[in-house]
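Student: Data: coords.cif, mmCIF, C-alpha atoms.
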data_structure
loop_
_atom_site.group_PDB
_atom_site.id
_atom_site.type_symbol
_atom_site.label_atom_id
_atom_site.label_comp_id
_atom_site.auth_asym_id
_atom_site.auth_seq_id
_atom_site.Cartn_x
_atom_site.Cartn_y
_atom_site.Cartn_z
ATOM 1 C CA MET A 245 0.000 0.000 0.000
ATOM 2 C CA VAL A 246 1.432 3.343 -1.021
ATOM 3 C CA ILE A 247 0.088 6.372 0.781
ATOM 4 C CA SER A 248 -2.007 8.592 -1.400
ATOM 5 C CA PRO A 249 -2.518 12.337 -0.962
ATOM 6 C CA GLN A 250 -6.142 11.755 0.135
ATOM 7 C CA PRO A 251 -7.467 8.562 1.800
ATOM 8 C CA ASN A 252 -10.469 6.932 0.161
ATOM 9 C CA ASP A 253 -13.835 6.690 1.937
ATOM 10 C CA SER A 254 -13.595 2.979 2.757
ATOM 11 C CA GLU A 255 -10.279 3.521 4.530
ATOM 12 C CA VAL A 256 -11.643 6.414 6.597
ATOM 13 C CA SER A 257 -14.830 4.624 7.603
ATOM 14 C CA GLY A 258 -12.923 1.620 8.927
ATOM 15 C CA THR A 259 -14.521 -0.867 6.536
ATOM 16 C CA ASN A 260 -11.198 -1.811 4.996
ATOM 17 C CA PRO A 261 -10.575 -5.448 6.082
ATOM 18 C CA SER A 262 -6.823 -4.912 6.601
ATOM 19 C CA ILE A 263 -7.520 -2.027 9.013
ATOM 20 C CA ALA A 264 -9.979 -4.181 10.981
ATOM 21 C CA LYS A 265 -7.365 -6.963 11.111
ATOM 22 C CA ASN A 266 -4.679 -4.519 12.274
ATOM 23 C CA TYR A 267 -7.002 -3.366 15.054
ATOM 24 C CA GLN A 268 -7.729 -6.954 16.148
ATOM 25 C CA ASP A 269 -3.986 -7.761 16.077
ATOM 26 C CA MET A 270 -3.251 -4.700 18.216
ATOM 27 C CA LEU A 271 -5.902 -5.746 20.754
ATOM 28 C CA PHE A 272 -4.449 -9.261 20.867
ATOM 29 C CA HIS A 273 -0.881 -8.039 21.420
ATOM 30 C CA MET A 274 -2.021 -5.607 24.118
ATOM 31 C CA GLY A 275 -3.864 -8.426 25.915
ATOM 32 C CA PHE A 276 -7.384 -7.059 25.359
ATOM 33 C CA PRO A 277 -10.338 -9.188 24.295
ATOM 34 C CA SER A 278 -11.152 -9.145 20.603
ATOM 35 C CA ARG A 279 -13.962 -6.799 19.565
ATOM 36 C CA SER A 280 -16.014 -7.256 16.470
ATOM 37 C CA ASN A 281 -18.626 -4.625 17.246
ATOM 38 C CA LYS A 282 -18.242 -1.673 14.859
ATOM 39 C CA ALA A 283 -19.426 0.713 17.591
ATOM 40 C CA ASP A 284 -16.498 -0.343 19.827
ATOM 41 C CA ILE A 285 -14.049 0.378 17.038
ATOM 42 C CA ASP A 286 -15.624 3.753 16.225
ATOM 43 C CA LEU A 287 -15.519 4.861 19.896
ATOM 44 C CA ARG A 288 -11.811 4.233 20.448
ATOM 45 C CA ILE A 289 -9.617 7.174 21.386
ATOM 46 C CA SER A 290 -6.696 7.635 19.060
ATOM 47 C CA LEU A 291 -3.194 8.768 19.887
ATOM 48 C CA LEU A 292 -3.953 11.749 17.659
ATOM 49 C CA ASP A 293 -6.576 12.751 20.250
ATOM 50 C CA ILE A 294 -4.030 12.388 23.058
ATOM 51 C CA LEU A 295 -1.111 14.176 21.365
ATOM 52 C CA PRO A 296 -2.384 17.764 21.971
ATOM 53 C CA GLU A 297 -3.023 16.962 25.641
ATOM 54 C CA TYR A 298 0.471 15.522 26.038
ATOM 55 C CA MET A 299 2.033 18.587 24.423
ATOM 56 C CA SER A 300 -0.036 20.979 26.553
ATOM 57 C CA LEU A 301 1.423 19.415 29.711
ATOM 58 C CA SER A 302 4.983 20.234 28.616
ATOM 59 C CA GLY A 303 5.055 23.529 30.510
ATOM 60 C CA LEU A 304 4.325 21.718 33.784
ATOM 61 C CA ILE A 305 7.243 19.300 33.534
ATOM 62 C CA PRO A 306 10.244 20.036 35.795
ATOM 63 C CA SER A 307 13.362 21.065 33.885
ATOM 64 C CA GLU A 308 15.270 17.904 34.883
ATOM 65 C CA LEU A 309 12.699 15.760 33.060
ATOM 66 C CA GLN A 310 12.034 17.984 30.036
ATOM 67 C CA ASP A 311 14.457 16.170 27.717
ATOM 68 C CA ARG A 312 12.870 12.792 28.433
ATOM 69 C CA TRP A 313 9.397 14.314 28.147
ATOM 70 C CA MET A 314 10.204 15.698 24.708
ATOM 71 C CA GLU A 315 11.882 12.452 23.588
ATOM 72 C CA ASN A 316 8.645 10.707 24.468
ATOM 73 C CA ALA A 317 6.720 13.369 22.514
ATOM 74 C CA ILE A 318 8.723 12.466 19.391
ATOM 75 C CA HIS A 319 7.959 8.775 19.966
ATOM 76 C CA LEU A 320 4.298 9.628 20.547
ATOM 77 C CA MET A 321 4.215 11.379 17.170
ATOM 78 C CA LEU A 322 5.823 8.342 15.548
ATOM 79 C CA HIS A 323 3.292 5.926 17.062
ATOM 80 C CA THR A 324 0.453 8.322 16.255
ATOM 81 C CA ALA A 325 1.464 8.263 12.593
ATOM 82 C CA LEU A 326 1.693 4.456 12.590
ATOM 83 C CA GLU A 327 -1.689 4.190 14.295
ATOM 84 C CA GLN A 328 -3.312 6.558 11.810
ATOM 85 C CA VAL A 329 -2.158 4.393 8.900
ATOM 86 C CA PHE A 330 -2.657 0.924 10.383
ATOM 87 C CA LEU A 331 -5.813 1.426 12.455
ATOM 88 C CA TYR A 332 -7.583 4.354 10.807
ATOM 89 C CA GLY A 333 -6.436 4.096 7.196
ATOM 90 C CA GLN A 334 -5.345 7.742 7.203
ATOM 91 C CA SER A 335 -2.633 7.536 4.614
ATOM 92 C CA SER A 336 -2.192 11.101 3.423
ATOM 93 C CA HIS A 337 0.846 13.299 3.707
ATOM 94 C CA TYR A 338 -1.494 15.917 5.174
ATOM 95 C CA LYS A 339 -2.125 13.696 8.190
ATOM 96 C CA LEU A 340 1.612 13.153 8.638
ATOM 97 C CA ASP A 341 2.188 16.911 8.502
ATOM 98 C CA GLU A 342 -0.559 17.441 11.099
ATOM 99 C CA ILE A 343 0.992 14.902 13.474
ATOM 100 C CA PHE A 344 4.503 16.349 13.227
ATOM 101 C CA ALA A 345 3.470 20.030 13.270
ATOM 102 C CA TRP A 346 4.283 20.574 16.964
ATOM 103 C CA ASP A 347 6.911 23.205 17.755
ATOM 104 C CA TRP A 348 9.343 23.249 20.662
ATOM 105 C CA PRO A 349 7.098 24.032 23.663
ATOM 106 C CA TYR A 350 9.699 25.628 25.948
ATOM 107 C CA GLU A 351 10.089 28.890 24.028
ATOM 108 C CA HIS A 352 9.372 31.133 27.022
ATOM 109 C CA SER A 353 10.972 29.250 29.888
ATOM 110 C CA GLN A 354 14.644 29.247 28.911
ATOM 111 C CA SER A 355 17.562 31.518 28.163
ATOM 112 C CA GLU A 356 18.125 32.508 24.537
ATOM 113 C CA THR A 357 20.968 29.988 24.094
ATOM 114 C CA SER A 358 19.025 27.127 25.686
ATOM 115 C CA ARG A 359 15.979 27.994 23.638
ATOM 116 C CA ARG A 360 17.927 27.965 20.364
ATOM 117 C CA MET A 361 19.650 24.679 21.177
ATOM 118 C CA GLY A 362 16.422 23.089 22.362
ATOM 119 C CA ASN A 363 14.531 24.276 19.303
ATOM 120 C CA TYR A 364 17.289 23.044 16.953
ATOM 121 C CA THR A 365 17.486 19.628 18.656
ATOM 122 C CA TRP A 366 13.695 19.329 18.706
ATOM 123 C CA SER A 367 13.333 20.268 15.034
ATOM 124 C CA THR A 368 16.114 17.885 14.004
ATOM 125 C CA LEU A 369 14.640 14.934 15.926
ATOM 126 C CA ARG A 370 11.049 15.675 14.917
ATOM 127 C CA ASP A 371 11.843 16.116 11.233
ATOM 128 C CA GLY A 372 14.188 13.110 11.167
ATOM 129 C CA THR A 373 11.515 10.916 12.722
ATOM 130 C CA LYS A 374 8.964 12.146 10.206
ATOM 131 C CA ARG A 375 11.369 11.408 7.336
ATOM 132 C CA SER A 376 11.992 7.908 8.724
ATOM 133 C CA LEU A 377 8.363 7.094 7.948
ATOM 134 C CA LEU A 378 8.833 7.935 4.285
ATOM 135 C CA ALA A 379 10.319 5.155 2.157
ATOM 136 C CA SER A 380 13.080 6.704 0.045
ATOM 137 C CA GLY A 381 12.185 10.023 1.654
ATOM 138 C CA THR A 382 9.177 10.657 -0.594
ATOM 139 C CA PHE A 383 6.370 8.133 -0.072
ATOM 140 C CA ILE A 384 5.103 5.795 2.601
ATOM 141 C CA CYS A 385 4.523 2.130 1.971
ATOM 142 C CA GLU A 386 2.938 -0.313 4.401
ATOM 143 C CA LYS A 387 5.898 -2.711 4.312
ATOM 144 C CA HIS A 388 8.274 0.086 5.324
ATOM 145 C CA LEU A 389 5.936 1.224 8.113
ATOM 146 C CA ARG A 390 5.722 -2.322 9.479
ATOM 147 C CA ARG A 391 9.511 -2.388 9.641
ATOM 148 C CA VAL A 392 9.494 0.951 11.499
ATOM 149 C CA SER A 393 6.875 -0.378 13.933
ATOM 150 C CA PHE A 394 9.110 -3.374 14.712
ATOM 151 C CA GLU A 395 12.110 -1.086 15.226
ATOM 152 C CA HIS A 396 10.074 1.075 17.645
ATOM 153 C CA PRO A 397 7.721 -1.276 19.533
ATOM 154 C CA LEU A 398 4.690 0.279 21.177
ATOM 155 C CA PHE A 399 5.478 -1.647 24.371
ATOM 156 C CA ASP A 400 8.873 0.074 24.684
ATOM 157 C CA PHE A 401 7.205 3.450 24.248
ATOM 158 C CA GLU A 402 4.576 2.562 26.840
ATOM 159 C CA GLY A 403 7.338 1.553 29.269
ATOM 160 C CA ARG A 404 9.199 4.845 28.759
ATOM 161 C CA VAL A 405 6.031 6.869 29.374
ATOM 162 C CA LEU A 406 5.162 4.880 32.506
ATOM 163 C CA GLN A 407 8.714 5.278 33.850
ATOM 164 C CA LEU A 408 8.574 9.015 33.250
ATOM 165 C CA LEU A 409 5.215 9.250 35.027
ATOM 166 C CA ASN A 410 6.639 7.314 37.979
ATOM 167 C CA ASP A 411 9.610 9.697 38.099
ATOM 168 C CA LEU A 412 7.213 12.657 38.038
ATOM 169 C CA LEU A 413 5.183 11.187 40.892
ATOM 170 C CA ALA A 414 8.350 10.602 42.911
ATOM 171 C CA MET A 415 9.195 14.292 42.600
ATOM 172 C CA LEU A 416 5.859 15.423 44.049
ATOM 173 C CA GLN A 417 5.378 16.096 47.716
ATOM 174 C CA THR A 418 3.372 13.528 49.635
ATOM 175 C CA PRO A 419 -0.292 14.627 49.717
ATOM 176 C CA ILE A 420 -1.464 16.113 53.033
ATOM 177 C CA LEU A 421 -4.063 13.391 53.684
ATOM 178 C CA GLU A 422 -1.424 10.705 53.179
ATOM 179 C CA GLN A 423 0.881 12.586 55.571
ATOM 180 C CA LEU A 424 -1.923 12.711 58.132
ATOM 181 C CA GLU A 425 -2.614 8.977 57.767
ATOM 182 C CA SER A 426 1.045 8.185 58.364
ATOM 183 C CA GLY A 427 1.140 10.559 61.366
ATOM 184 C CA ASN A 428 3.854 12.687 59.849
ATOM 185 C CA LEU A 429 2.621 16.028 58.542
ATOM 186 C CA SER A 430 5.638 17.923 57.227
ATOM 187 C CA GLU A 431 4.690 21.270 58.819
ATOM 188 C CA ILE A 432 4.120 19.924 62.359
ATOM 189 C CA SER A 433 5.638 17.232 64.551
ATOM 190 C CA GLY A 434 4.455 13.608 64.676
ATOM 191 C CA ILE A 435 2.912 14.068 68.157
ATOM 192 C CA GLN A 436 1.007 17.180 67.051
ATOM 193 C CA THR A 437 -0.211 15.298 63.981
ATOM 194 C CA GLN A 438 -1.530 12.439 66.107
ATOM 195 C CA ASP A 439 -3.251 14.902 68.465
ATOM 196 C CA TRP A 440 -4.881 16.636 65.541
#
Would you mind giving the structure from this file in structure tokens?

Tutor:
Amino acid sequence: MVISPQPNDSEVSGTNPSIAKNYQDMLFHMGFPSRSNKADIDLRISLLDILPEYMSLSGLIPSELQDRWMENAIHLMLHTALEQVFLYGQSSHYKLDEIFAWDWPYEHSQSETSRRMGNYTWSTLRDGTKRSLLASGTFICEKHLRRVSFEHPLFDFEGRVLQLLNDLLAMLQTPILEQLESGNLSEISGIQTQDW
């Protein structure tokens, strides 16, 4: 399958048998029960829906985790593009451009030098990843995309995201109610906490 400038209607509607098979294969590999109900397939949330939310959280990430956060953003874009082709039949270059349109999100929070370096690194990684999806740099074919998906397994990406979330949680202060339950509120002594 070579990606065309505009997907045809059967690919978009999800009636293409290869797209349905790809979806069933993905469910199997993720350990979910198989679904044959068209309504279940139509109601799924795509990575394309999640990508803007992920990018909007970038400003909240502590500086020591920003590089890993942005690395994961590049991988999220990669897996979003693969998902759009394999599960939704969205095979246009327009969709690829939409997925990889995100700019460096830390424009306002760094010095001029850091901002330029970050923007250059981001643009280089983002554009290189986008080009890696194009066979011979000009078109996308399904065989090439399958090879890319094996080189960048979804499970590895999921593990990186979960590890980053765990690291973020470890950086947060213990919630006040949890401190009270343990009898150790950070602002007052253990005896005062128990009396309270």

Student: Out of A:Glu356, A:Leu421, A:Ala414, A:His388, which residue has the shortest atom-to-atom distance to Arg375 (chain A) when counting only C-alpha atoms?

Tutor: A:His388

Student: Could you jot down the CA of Leu340 (chain A) to CA of Ser393 (chain A) separation for me, Å, one decimal place?

Tutor: 15.5 Å

Student: Any idea what the distance is between CA of Val405 (chain A) and CA of Ser367 (chain A)?

Tutor: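 About the pair CA of Val405 (chain A) and CA of Ser367 (chain A): they are 20.9 Å apart.
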
Student: Do you have the CA of Leu295 (chain A)-CA of Phe394 (chain A) distance handy?

Tutor: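 Separation of CA of Leu295 (chain A) and CA of Phe394 (chain A): 21.4 Å.
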
Student: List the residues selected by the PyMOL selection byres ((chain A and resi 303) around 12) in the file shown, writing them as a VMD selection string.

Tutor: chain A and resid 297 to 302 304 to 307 309 to 310 313 to 314 348 to 354

Student: Restricting the calculation to only C-alpha atoms, which member of A:Leu424, A:Leu326, A:Leu412, A:Ile343 is positioned closest to Arg390 (chain A)?

Tutor: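 Closest candidate: A:Leu326.
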
Student: Could you check the closest approach to Leu398 (chain A) for each of A:Leu378, A:Leu416, A:Ile289, A:Leu322 and tell me which residue wins, using only C-alpha atoms?

Tutor: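 The closest residue to Leu398 (chain A) is A:Leu322.
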
Student: Check the smallest atom-to-atom distance from each of A:Glu386, A:Ser290, A:Asn410, A:Gln417 to Tyr332 (chain A) using only C-alpha atoms, then report the winner.

Tutor: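 Counting only C-alpha atoms, the residue closest to Tyr332 (chain A) is A:Ser290.
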
Student: Check what the PyMOL selection byres ((chain A and resi 397) around 12) selects in the file above and give those residues as a short mmCIF file (atom, residue, chain, number, x, y, z; two decimals) with C-alpha atoms, in the frame of the given file.

Tutor:
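Output saved as part.cif:
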data_model
loop_
_atom_site.label_atom_id
_atom_site.label_comp_id
_atom_site.auth_asym_id
_atom_site.auth_seq_id
_atom_site.Cartn_x
_atom_site.Cartn_y
_atom_site.Cartn_z
CA MET A 270 -3.25 -4.70 18.22
CA HIS A 273 -0.88 -8.04 21.42
CA MET A 274 -2.02 -5.61 24.12
CA HIS A 319 7.96 8.78 19.97
CA LEU A 320 4.30 9.63 20.55
CA LEU A 322 5.82 8.34 15.55
CA HIS A 323 3.29 5.93 17.06
CA LEU A 326 1.69 4.46 12.59
CA LEU A 389 5.94 1.22 8.11
CA ARG A 390 5.72 -2.32 9.48
CA ARG A 391 9.51 -2.39 9.64
CA VAL A 392 9.49 0.95 11.50
CA SER A 393 6.88 -0.38 13.93
CA PHE A 394 9.11 -3.37 14.71
CA GLU A 395 12.11 -1.09 15.23
CA HIS A 396 10.07 1.08 17.64
CA LEU A 398 4.69 0.28 21.18
CA PHE A 399 5.48 -1.65 24.37
CA ASP A 400 8.87 0.07 24.68
CA PHE A 401 7.20 3.45 24.25
CA GLU A 402 4.58 2.56 26.84
CA GLY A 403 7.34 1.55 29.27
CA ARG A 404 9.20 4.84 28.76
#

Student: Provide region 306-335 of chain A rebuilt to N, CA and C atoms, formatted as a short mmCIF file (atom, residue, chain, number, x, y, z; two decimals), in the coordinates of the input.

Tutor:
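Printed below is rebuild_20.cif as written:
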data_model
loop_
_atom_site.label_atom_id
_atom_site.label_comp_id
_atom_site.auth_asym_id
_atom_site.auth_seq_id
_atom_site.Cartn_x
_atom_site.Cartn_y
_atom_site.Cartn_z
N PRO A 306 9.02 19.46 35.22
CA PRO A 306 10.24 20.04 35.80
C PRO A 306 11.40 19.98 34.80
N SER A 307 12.28 20.94 34.86
CA SER A 307 13.36 21.06 33.88
C SER A 307 14.23 19.80 33.80
N GLU A 308 14.42 19.10 34.92
CA GLU A 308 15.27 17.90 34.88
C GLU A 308 14.65 16.74 34.11
N LEU A 309 13.36 16.82 33.82
CA LEU A 309 12.70 15.76 33.06
C LEU A 309 12.25 16.21 31.67
N GLN A 310 12.52 17.46 31.31
CA GLN A 310 12.03 17.98 30.04
C GLN A 310 12.60 17.24 28.83
N ASP A 311 13.88 16.88 28.86
CA ASP A 311 14.46 16.17 27.72
C ASP A 311 13.77 14.83 27.49
N ARG A 312 13.56 14.09 28.56
CA ARG A 312 12.87 12.79 28.43
C ARG A 312 11.42 12.99 27.99
N TRP A 313 10.77 14.03 28.53
CA TRP A 313 9.40 14.31 28.15
C TRP A 313 9.31 14.57 26.64
N MET A 314 10.23 15.36 26.12
CA MET A 314 10.20 15.70 24.71
C MET A 314 10.62 14.51 23.84
N GLU A 315 11.55 13.69 24.30
CA GLU A 315 11.88 12.45 23.59
C GLU A 315 10.63 11.59 23.44
N ASN A 316 9.89 11.48 24.51
CA ASN A 316 8.64 10.71 24.47
C ASN A 316 7.63 11.36 23.53
N ALA A 317 7.64 12.68 23.44
CA ALA A 317 6.72 13.37 22.51
C ALA A 317 7.04 12.98 21.07
N ILE A 318 8.32 12.88 20.74
CA ILE A 318 8.72 12.47 19.39
C ILE A 318 8.24 11.04 19.13
N HIS A 319 8.42 10.16 20.12
CA HIS A 319 7.96 8.78 19.97
C HIS A 319 6.44 8.71 19.89
N LEU A 320 5.76 9.58 20.62
CA LEU A 320 4.30 9.63 20.55
C LEU A 320 3.86 10.02 19.14
N MET A 321 4.54 10.98 18.54
CA MET A 321 4.22 11.38 17.17
C MET A 321 4.44 10.21 16.21
N LEU A 322 5.53 9.50 16.39
CA LEU A 322 5.82 8.34 15.55
C LEU A 322 4.71 7.30 15.65
N HIS A 323 4.34 6.94 16.87
CA HIS A 323 3.29 5.93 17.06
C HIS A 323 1.91 6.44 16.64
N THR A 324 1.70 7.74 16.74
CA THR A 324 0.45 8.32 16.26
C THR A 324 0.36 8.15 14.74
N ALA A 325 1.46 8.42 14.05
CA ALA A 325 1.46 8.26 12.59
C ALA A 325 1.22 6.81 12.20
N LEU A 326 1.89 5.88 12.88
CA LEU A 326 1.69 4.46 12.59
C LEU A 326 0.24 4.05 12.85
N GLU A 327 -0.30 4.51 13.97
CA GLU A 327 -1.69 4.19 14.30
C GLU A 327 -2.65 4.74 13.24
N GLN A 328 -2.41 5.96 12.80
CA GLN A 328 -3.31 6.56 11.81
C GLN A 328 -3.34 5.76 10.51
N VAL A 329 -2.20 5.20 10.12
CA VAL A 329 -2.16 4.39 8.90
C VAL A 329 -2.76 3.01 9.15
N PHE A 330 -2.28 2.32 10.19
CA PHE A 330 -2.66 0.92 10.38
C PHE A 330 -4.06 0.73 10.95
N LEU A 331 -4.52 1.63 11.81
CA LEU A 331 -5.81 1.43 12.46
C LEU A 331 -6.92 2.31 11.91
N TYR A 332 -6.56 3.44 11.30
CA TYR A 332 -7.58 4.35 10.81
C TYR A 332 -7.55 4.52 9.29
N GLY A 333 -6.52 3.99 8.64
CA GLY A 333 -6.44 4.10 7.20
C GLY A 333 -6.16 5.50 6.70
N GLN A 334 -5.67 6.36 7.57
CA GLN A 334 -5.34 7.74 7.20
C GLN A 334 -3.95 7.74 6.60
N SER A 335 -3.90 7.74 5.29
CA SER A 335 -2.63 7.54 4.61
C SER A 335 -2.16 8.74 3.81
#
